[in-house]
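J.: What follows is the file run.cif, containing mmCIF, C-alpha atoms (C1' of nucleotides):
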```cif
data_query
#
loop_
_atom_site.label_atom_id
_atom_site.label_comp_id
_atom_site.auth_asym_id
_atom_site.auth_seq_id
_atom_site.Cartn_x
_atom_site.Cartn_y
_atom_site.Cartn_z
CA MET I 1 0.00 0.00 0.00
CA ASP I 2 2.61 2.51 1.07
CA SER I 3 5.36 0.91 -0.92
CA LYS I 4 6.04 4.24 -2.58
CA LYS I 5 6.66 5.98 0.69
CA ARG I 6 8.59 3.03 2.01
CA LYS I 7 10.75 2.86 -1.04
CA LYS I 8 11.42 6.54 -0.84
CA LEU I 9 12.53 6.32 2.75
CA GLU I 10 14.67 3.28 2.15
CA ALA I 11 16.25 5.06 -0.77
CA LYS I 12 17.43 7.60 1.74
CA GLY I 13 19.05 4.95 3.84
CA TRP I 14 16.28 3.88 6.12
CA VAL I 15 16.24 0.32 7.28
CA PHE I 16 13.18 -1.16 8.82
CA GLY I 17 13.36 -2.85 12.14
CA ASP I 18 10.79 -4.08 14.55
CA ALA I 19 8.68 -0.98 14.74
CA ALA I 20 7.93 0.18 11.24
CA ASP I 21 4.70 1.79 12.21
CA PHE I 22 5.59 5.42 11.73
CA LEU I 23 3.99 5.11 8.35
CA SER I 24 0.36 4.28 8.02
CA LEU I 25 1.02 0.59 7.93
CA THR I 26 -1.55 -1.83 9.17
CA PRO I 27 -0.27 -4.19 11.84
CA GLU I 28 -0.29 -6.98 9.28
CA GLU I 29 1.79 -4.98 6.84
CA ALA I 30 4.29 -4.16 9.56
CA ARG I 31 4.51 -7.76 10.65
CA LEU I 32 5.01 -8.88 7.09
CA ILE I 33 7.86 -6.42 6.65
CA ASP I 34 9.58 -7.65 9.77
CA LEU I 35 9.10 -11.21 8.64
CA LYS I 36 10.68 -10.43 5.30
CA LEU I 37 13.54 -8.78 7.11
CA ALA I 38 14.18 -11.97 9.06
CA LEU I 39 14.03 -14.12 5.94
CA ARG I 40 16.41 -11.85 4.09
CA ALA I 41 18.93 -11.93 6.90
CA SER I 42 18.83 -15.70 6.95
CA ILE I 43 19.39 -15.91 3.24
CA LYS I 44 22.48 -13.80 3.39
CA GLU I 45 23.75 -15.60 6.45
CA GLU I 46 23.23 -19.04 4.96
CA ARG I 47 24.69 -18.08 1.61
CA MET I 48 27.78 -16.75 3.33
CA LYS I 49 28.08 -19.86 5.42
CA GLN I 50 28.02 -21.99 2.30
CA ASN I 51 30.50 -19.73 0.50
CA ILE I 52 28.20 -19.26 -2.42
CA THR I 53 28.14 -16.14 -4.55
CA GLN I 54 24.96 -14.28 -5.39
CA GLU I 55 25.53 -15.36 -8.97
CA GLU I 56 25.56 -19.02 -8.01
CA LEU I 57 22.50 -18.78 -5.82
CA ALA I 58 20.73 -16.94 -8.62
CA LYS I 59 21.48 -19.72 -11.07
CA ALA I 60 20.45 -22.38 -8.59
CA MET I 61 17.02 -20.86 -8.22
CA GLY I 62 16.54 -19.51 -11.72
CA SER I 63 16.92 -15.87 -10.90
CA SER I 64 19.57 -13.23 -11.44
CA GLN I 65 22.40 -11.81 -9.41
CA SER I 66 20.88 -8.37 -9.27
CA ARG I 67 17.68 -9.69 -7.82
CA ILE I 68 19.55 -11.57 -5.12
CA ALA I 69 21.39 -8.38 -4.28
CA LYS I 70 18.10 -6.51 -3.99
CA MET I 71 16.68 -9.30 -1.92
CA GLU I 72 19.52 -9.27 0.57
CA ARG I 73 19.79 -5.53 0.57
CA GLY I 74 16.17 -5.00 1.51
CA ASP I 75 14.29 -3.91 -1.57
CA PRO I 76 10.66 -3.87 -0.42
CA ALA I 77 9.59 -5.08 -3.84
CA VAL I 78 10.55 -8.65 -3.13
CA SER I 79 7.86 -11.18 -2.40
CA VAL I 80 7.91 -13.70 0.40
CA ASP I 81 7.53 -16.30 -2.33
CA LEU I 82 10.91 -15.37 -3.76
CA LEU I 83 12.55 -15.27 -0.36
CA LEU I 84 11.26 -18.74 0.40
CA ARG I 85 12.45 -20.03 -2.96
CA ALA I 86 15.89 -18.73 -2.10
CA LEU I 87 15.95 -20.42 1.29
CA MET I 88 14.82 -23.65 -0.29
CA ALA I 89 17.43 -23.38 -3.00
CA LEU I 90 19.97 -23.03 -0.22
CA GLY I 91 18.82 -26.39 1.05
CA MET I 92 16.86 -25.25 4.06
CA SER I 93 14.25 -27.59 5.42
CA ASN I 94 10.75 -26.48 6.32
CA LYS I 95 11.67 -26.90 9.91
CA GLN I 96 14.61 -24.57 9.58
CA ILE I 97 12.50 -22.04 7.73
CA SER I 98 9.80 -22.19 10.34
CA LYS I 99 12.37 -21.35 12.98
CA ILE I 100 13.22 -18.16 11.18
CA ILE I 101 9.61 -17.12 11.18
CA ALA I 102 8.79 -17.96 14.75
CA MET K 1 6.70 -20.85 -14.31
CA ASP K 2 4.17 -23.46 -15.22
CA SER K 3 1.31 -21.56 -13.72
CA LYS K 4 -0.53 -21.87 -17.00
CA LYS K 5 -0.39 -25.62 -16.99
CA ARG K 6 -1.12 -25.75 -13.31
CA LYS K 7 -4.10 -23.49 -13.65
CA LYS K 8 -5.41 -25.56 -16.48
CA LEU K 9 -5.17 -28.76 -14.51
CA GLU K 10 -6.69 -27.23 -11.43
CA ALA K 11 -9.50 -25.90 -13.54
CA LYS K 12 -10.27 -29.50 -14.33
CA GLY K 13 -10.52 -30.38 -10.70
CA TRP K 14 -6.99 -31.25 -9.84
CA VAL K 15 -5.85 -30.56 -6.35
CA PHE K 16 -2.22 -30.56 -5.50
CA GLY K 17 -0.93 -32.66 -2.69
CA ASP K 18 2.50 -33.63 -1.57
CA ALA K 19 3.83 -34.85 -4.85
CA ALA K 20 3.13 -32.24 -7.45
CA ASP K 21 6.08 -33.19 -9.54
CA PHE K 22 4.34 -34.66 -12.53
CA LEU K 23 4.76 -31.30 -14.16
CA SER K 24 8.19 -29.92 -14.77
CA LEU K 25 8.31 -28.22 -11.45
CA THR K 26 11.58 -27.60 -9.74
CA PRO K 27 11.76 -29.04 -6.24
CA GLU K 28 11.51 -25.51 -4.86
CA GLU K 29 8.38 -24.80 -6.85
CA ALA K 30 6.80 -28.01 -5.67
CA ARG K 31 7.69 -27.27 -2.07
CA LEU K 32 6.28 -23.80 -2.37
CA ILE K 33 3.01 -25.14 -3.69
CA ASP K 34 2.71 -27.58 -0.84
CA LEU K 35 3.51 -24.84 1.59
CA LYS K 36 0.78 -22.67 0.12
CA LEU K 37 -1.60 -25.56 0.38
CA ALA K 38 -0.91 -25.87 4.09
CA LEU K 39 -1.34 -22.15 4.65
CA ARG K 40 -4.62 -22.10 2.76
CA ALA K 41 -6.00 -24.98 4.76
CA SER K 42 -5.11 -23.24 7.99
CA ILE K 43 -6.81 -20.05 6.91
CA LYS K 44 -10.05 -21.79 6.18
CA GLU K 45 -9.84 -23.82 9.34
CA GLU K 46 -9.13 -20.83 11.53
CA ARG K 47 -11.79 -18.70 9.86
CA MET K 48 -14.34 -21.43 10.44
CA LYS K 49 -13.29 -21.81 14.02
CA GLN K 50 -13.81 -18.12 14.59
CA ASN K 51 -17.15 -18.13 12.79
CA ILE K 52 -16.09 -15.37 10.47
CA THR K 53 -17.38 -14.99 6.94
CA GLN K 54 -15.14 -14.51 3.97
CA GLU K 55 -16.62 -11.05 3.67
CA GLU K 56 -15.57 -10.16 7.19
CA LEU K 57 -12.07 -11.54 6.84
CA ALA K 58 -11.75 -9.64 3.58
CA LYS K 59 -12.64 -6.38 5.22
CA ALA K 60 -10.32 -7.07 8.15
CA MET K 61 -7.36 -7.42 5.83
CA GLY K 62 -8.35 -4.93 3.14
CA SER K 63 -9.21 -7.43 0.48
CA SER K 64 -12.39 -8.76 -1.07
CA GLN K 65 -14.62 -11.74 -0.57
CA SER K 66 -13.90 -13.17 -3.98
CA ARG K 67 -10.19 -13.12 -3.34
CA ILE K 68 -10.62 -14.93 -0.07
CA ALA K 69 -12.68 -17.52 -1.85
CA LYS K 70 -9.97 -18.00 -4.44
CA MET K 71 -7.40 -18.18 -1.72
CA GLU K 72 -9.19 -20.90 0.20
CA ARG K 73 -10.17 -22.73 -2.93
CA GLY K 74 -6.65 -23.04 -4.21
CA ASP K 75 -6.17 -20.55 -6.97
CA PRO K 76 -2.46 -20.85 -7.76
CA ALA K 77 -2.35 -17.12 -8.42
CA VAL K 78 -2.24 -16.25 -4.76
CA SER K 79 0.99 -15.17 -3.20
CA VAL K 80 2.39 -16.37 0.08
CA ASP K 81 2.35 -12.72 1.09
CA LEU K 82 -1.41 -12.61 0.85
CA LEU K 83 -1.82 -15.90 2.67
CA LEU K 84 0.32 -14.64 5.50
CA ARG K 85 -1.61 -11.40 5.68
CA ALA K 86 -4.76 -13.44 6.05
CA LEU K 87 -3.36 -15.55 8.84
CA MET K 88 -2.17 -12.45 10.61
CA ALA K 89 -5.53 -10.76 10.19
CA LEU K 90 -7.01 -13.84 11.82
CA GLY K 91 -4.85 -13.12 14.82
CA MET K 92 -2.30 -15.85 14.38
CA SER K 93 1.05 -15.38 16.06
CA ASN K 94 4.31 -15.95 14.29
CA LYS K 95 4.75 -19.03 16.37
CA GLN K 96 1.46 -20.44 15.21
CA ILE K 97 2.27 -19.62 11.62
CA SER K 98 5.66 -21.25 11.90
CA LYS K 99 3.99 -24.42 13.07
CA ILE K 100 1.94 -24.56 9.89
CA ILE K 101 5.07 -24.33 7.81
CA ALA K 102 7.17 -26.82 9.67
"C1'" DT U 1 48.94 0.08 -7.81
"C1'" DG U 2 45.98 -2.88 -11.15
"C1'" DA U 3 43.33 -6.91 -12.50
"C1'" DC U 4 39.61 -9.46 -11.20
"C1'" DA U 5 35.71 -11.12 -8.49
"C1'" DT U 6 31.74 -9.89 -6.08
"C1'" DT U 7 28.06 -7.07 -4.87
"C1'" DA U 8 25.08 -2.88 -5.63
"C1'" DT U 9 22.09 0.16 -8.33
"C1'" DG U 10 19.11 1.65 -12.10
"C1'" DT U 11 16.00 0.51 -15.62
"C1'" DC U 12 12.53 -1.88 -18.24
"C1'" DA U 13 9.18 -4.89 -20.61
"C1'" DG U 14 6.77 -8.86 -19.59
"C1'" DA U 15 4.51 -11.64 -16.28
"C1'" DT U 16 2.03 -12.16 -12.13
"C1'" DT U 17 -0.99 -10.66 -8.48
"C1'" DT U 18 -4.29 -7.51 -6.75
"C1'" DG U 19 -8.92 -5.56 -5.39
"C1'" DC U 20 -13.14 -5.15 -7.29
"C1'" DC U 21 -17.37 -5.98 -9.71
"C1'" DA U 22 -21.07 -8.90 -11.52
"C1'" DT U 23 -23.13 -13.02 -11.24
"C1'" DA U 24 -23.58 -17.97 -10.42
"C1'" DT U 25 -23.75 -21.56 -7.21
"C1'" DT U 26 -24.35 -23.70 -2.79
"C1'" DC U 27 -25.96 -23.66 1.86
"C1'" DT U 28 -29.39 -22.84 5.73
"C1'" DA U 29 -33.48 -22.25 8.04
"C1'" DA U 30 -38.44 -21.33 7.88
"C1'" DT P 1 -40.24 -25.13 -1.66
"C1'" DT P 2 -38.32 -20.31 -1.13
"C1'" DA P 3 -35.67 -16.27 0.62
"C1'" DG P 4 -31.56 -14.83 2.06
"C1'" DA P 5 -26.82 -15.66 3.51
"C1'" DA P 6 -22.50 -17.44 2.23
"C1'" DT P 7 -19.32 -18.97 -1.05
"C1'" DA P 8 -17.62 -19.70 -5.85
"C1'" DT P 9 -16.42 -18.19 -10.55
"C1'" DG P 10 -15.18 -15.19 -14.36
"C1'" DG P 11 -13.16 -11.14 -15.89
"C1'" DC P 12 -10.60 -6.85 -15.85
"C1'" DA P 13 -7.53 -2.70 -15.27
"C1'" DA P 14 -4.16 -1.23 -12.11
"C1'" DA P 15 -0.47 -2.32 -9.21
"C1'" DT P 16 3.26 -5.13 -8.09
"C1'" DC P 17 6.95 -8.37 -8.93
"C1'" DT P 18 10.19 -10.61 -12.02
"C1'" DG P 19 14.42 -11.79 -14.72
"C1'" DA P 20 17.54 -9.64 -17.43
"C1'" DC P 21 20.79 -6.35 -18.75
"C1'" DA P 22 24.18 -2.60 -18.21
"C1'" DT P 23 27.08 -0.49 -15.33
"C1'" DA P 24 28.77 1.33 -10.98
"C1'" DA P 25 30.72 0.47 -6.59
"C1'" DT P 26 33.24 -2.32 -3.49
"C1'" DG P 27 36.23 -5.84 -2.06
"C1'" DT P 28 40.44 -8.94 -2.64
"C1'" DC P 29 44.82 -10.30 -3.54
"C1'" DA P 30 49.22 -10.24 -5.89
#
```
Would you give me this structure, written as structure tokens?

T.:
Amino acid sequence: MDSKKRKKLEAKGWVFGDAADFLSLTPEEARLIDLKLALRASIKEERMKQNITQEELAKAMGSSQSRIAKMERGDPAVSVDLLLRALMALGMSNKQISKIIA
Amino acid sequence: MDSKKRKKLEAKGWVFGDAADFLSLTPEEARLIDLKLALRASIKEERMKQNITQEELAKAMGSSQSRIAKMERGDPAVSVDLLLRALMALGMSNKQISKIIA
DNA sequence: TGACATTATGTCAGATTTGCCATATTCTAA
DNA sequence: TTAGAATATGGCAAATCTGACATAATGTCA
């Protein structure tokens, strides 16, 4: 809904943490943002741990390096679907993924 | 990727279960479908339990009745994002949601 | 320093997803 | 049965998301 505003703020260096409610975000929207944040962090962390480049991860999941970069960097225009695909491509089990969310 | 094919099959009454790999789905795609299936089921279940109509849930999350119907019915063109928003609008905690995924 | 690998940023057309509307179908109780 | 509530289906324009590409910025190591 407020992706424009959000994008604008993030363009200026903002990073969203636990309380992203200074915009007119519904609680659900805020929760979803925080959830994405957690997923993104895990992707980067796991990729690093496996010593895989963004390029390699991209190929493994049929995406592109630039999208991975955006994903890890925090572009709001990245769906949960894509984040989950990345985690799965990294070999994460549902159990592991669920731990990130909880 | 194969959403066309998938949609076509589902239009004919197919419902996807654990092994949706008879199409050329990557393992990640198949896992994502199964995950969506679980989320959808939980939404319907929880909505029923709370005695809420699709109309009411729709309003609570800023969507529409028809989309909720599609969501619960299994329209492949529903993002995980939307499913999560629904679960959140139903008052589910992250912990509860994570249990669905695991 | 320079060459090279990796990651970041900007852009875009095509694909997907969205809310919404109309309407059909199914369900429920009198 | 019939009315009315609830759900399902079809369709659409607008919004969002996507992979891809070019290119810039950053890191790394000799």

J.: Taking the file as shown, find all residues satisfying the PyMOL selection byres ((chain P) within 8 of (chain I)) and write them as JSON, numbers by chain.

T.: {"P": [16, 17, 19, 20]}

J.: Return as a list in words the residues belonging to chain I that are within 7 Å of chain K, counting only C-alpha atoms.

T.: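 Contact residues on the first chain: Glu28, Ser79, Val80, Asp81, Arg85, Met88, Ala89, Asn94, Lys95, Ser98, Lys99, Ile101 and Ala102 of chain I.
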
J.: So which residues get picked by the PyMOL selection byres ((chain I) within 12 of (chain U)) here, written as number ranges by chain?

T.: I: 1, 11, 51-56, 65-75, 79, 81

J.: For the atom pair CA of Ala30 in chain I and CA of Leu39 in chain K, what is the interatomic distance in Å to one decimal place?

T.: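 Interatomic distance here is 19.5 Å.
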
J.: Just the number, please: distance in Å from CA of Ala60 in chain I to C1' of DA22 in chain P, one decimal.

T.: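 Taking CA of Ala60 in chain I as the start and C1' of DA22 in chain P as the end point, the length is 22.3 Å.
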
J.: What is the CA of Arg47 in chain K to CA of Ala38 in chain I distance in Å?

T.: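 Distance between the two atoms: 26.8 Å.
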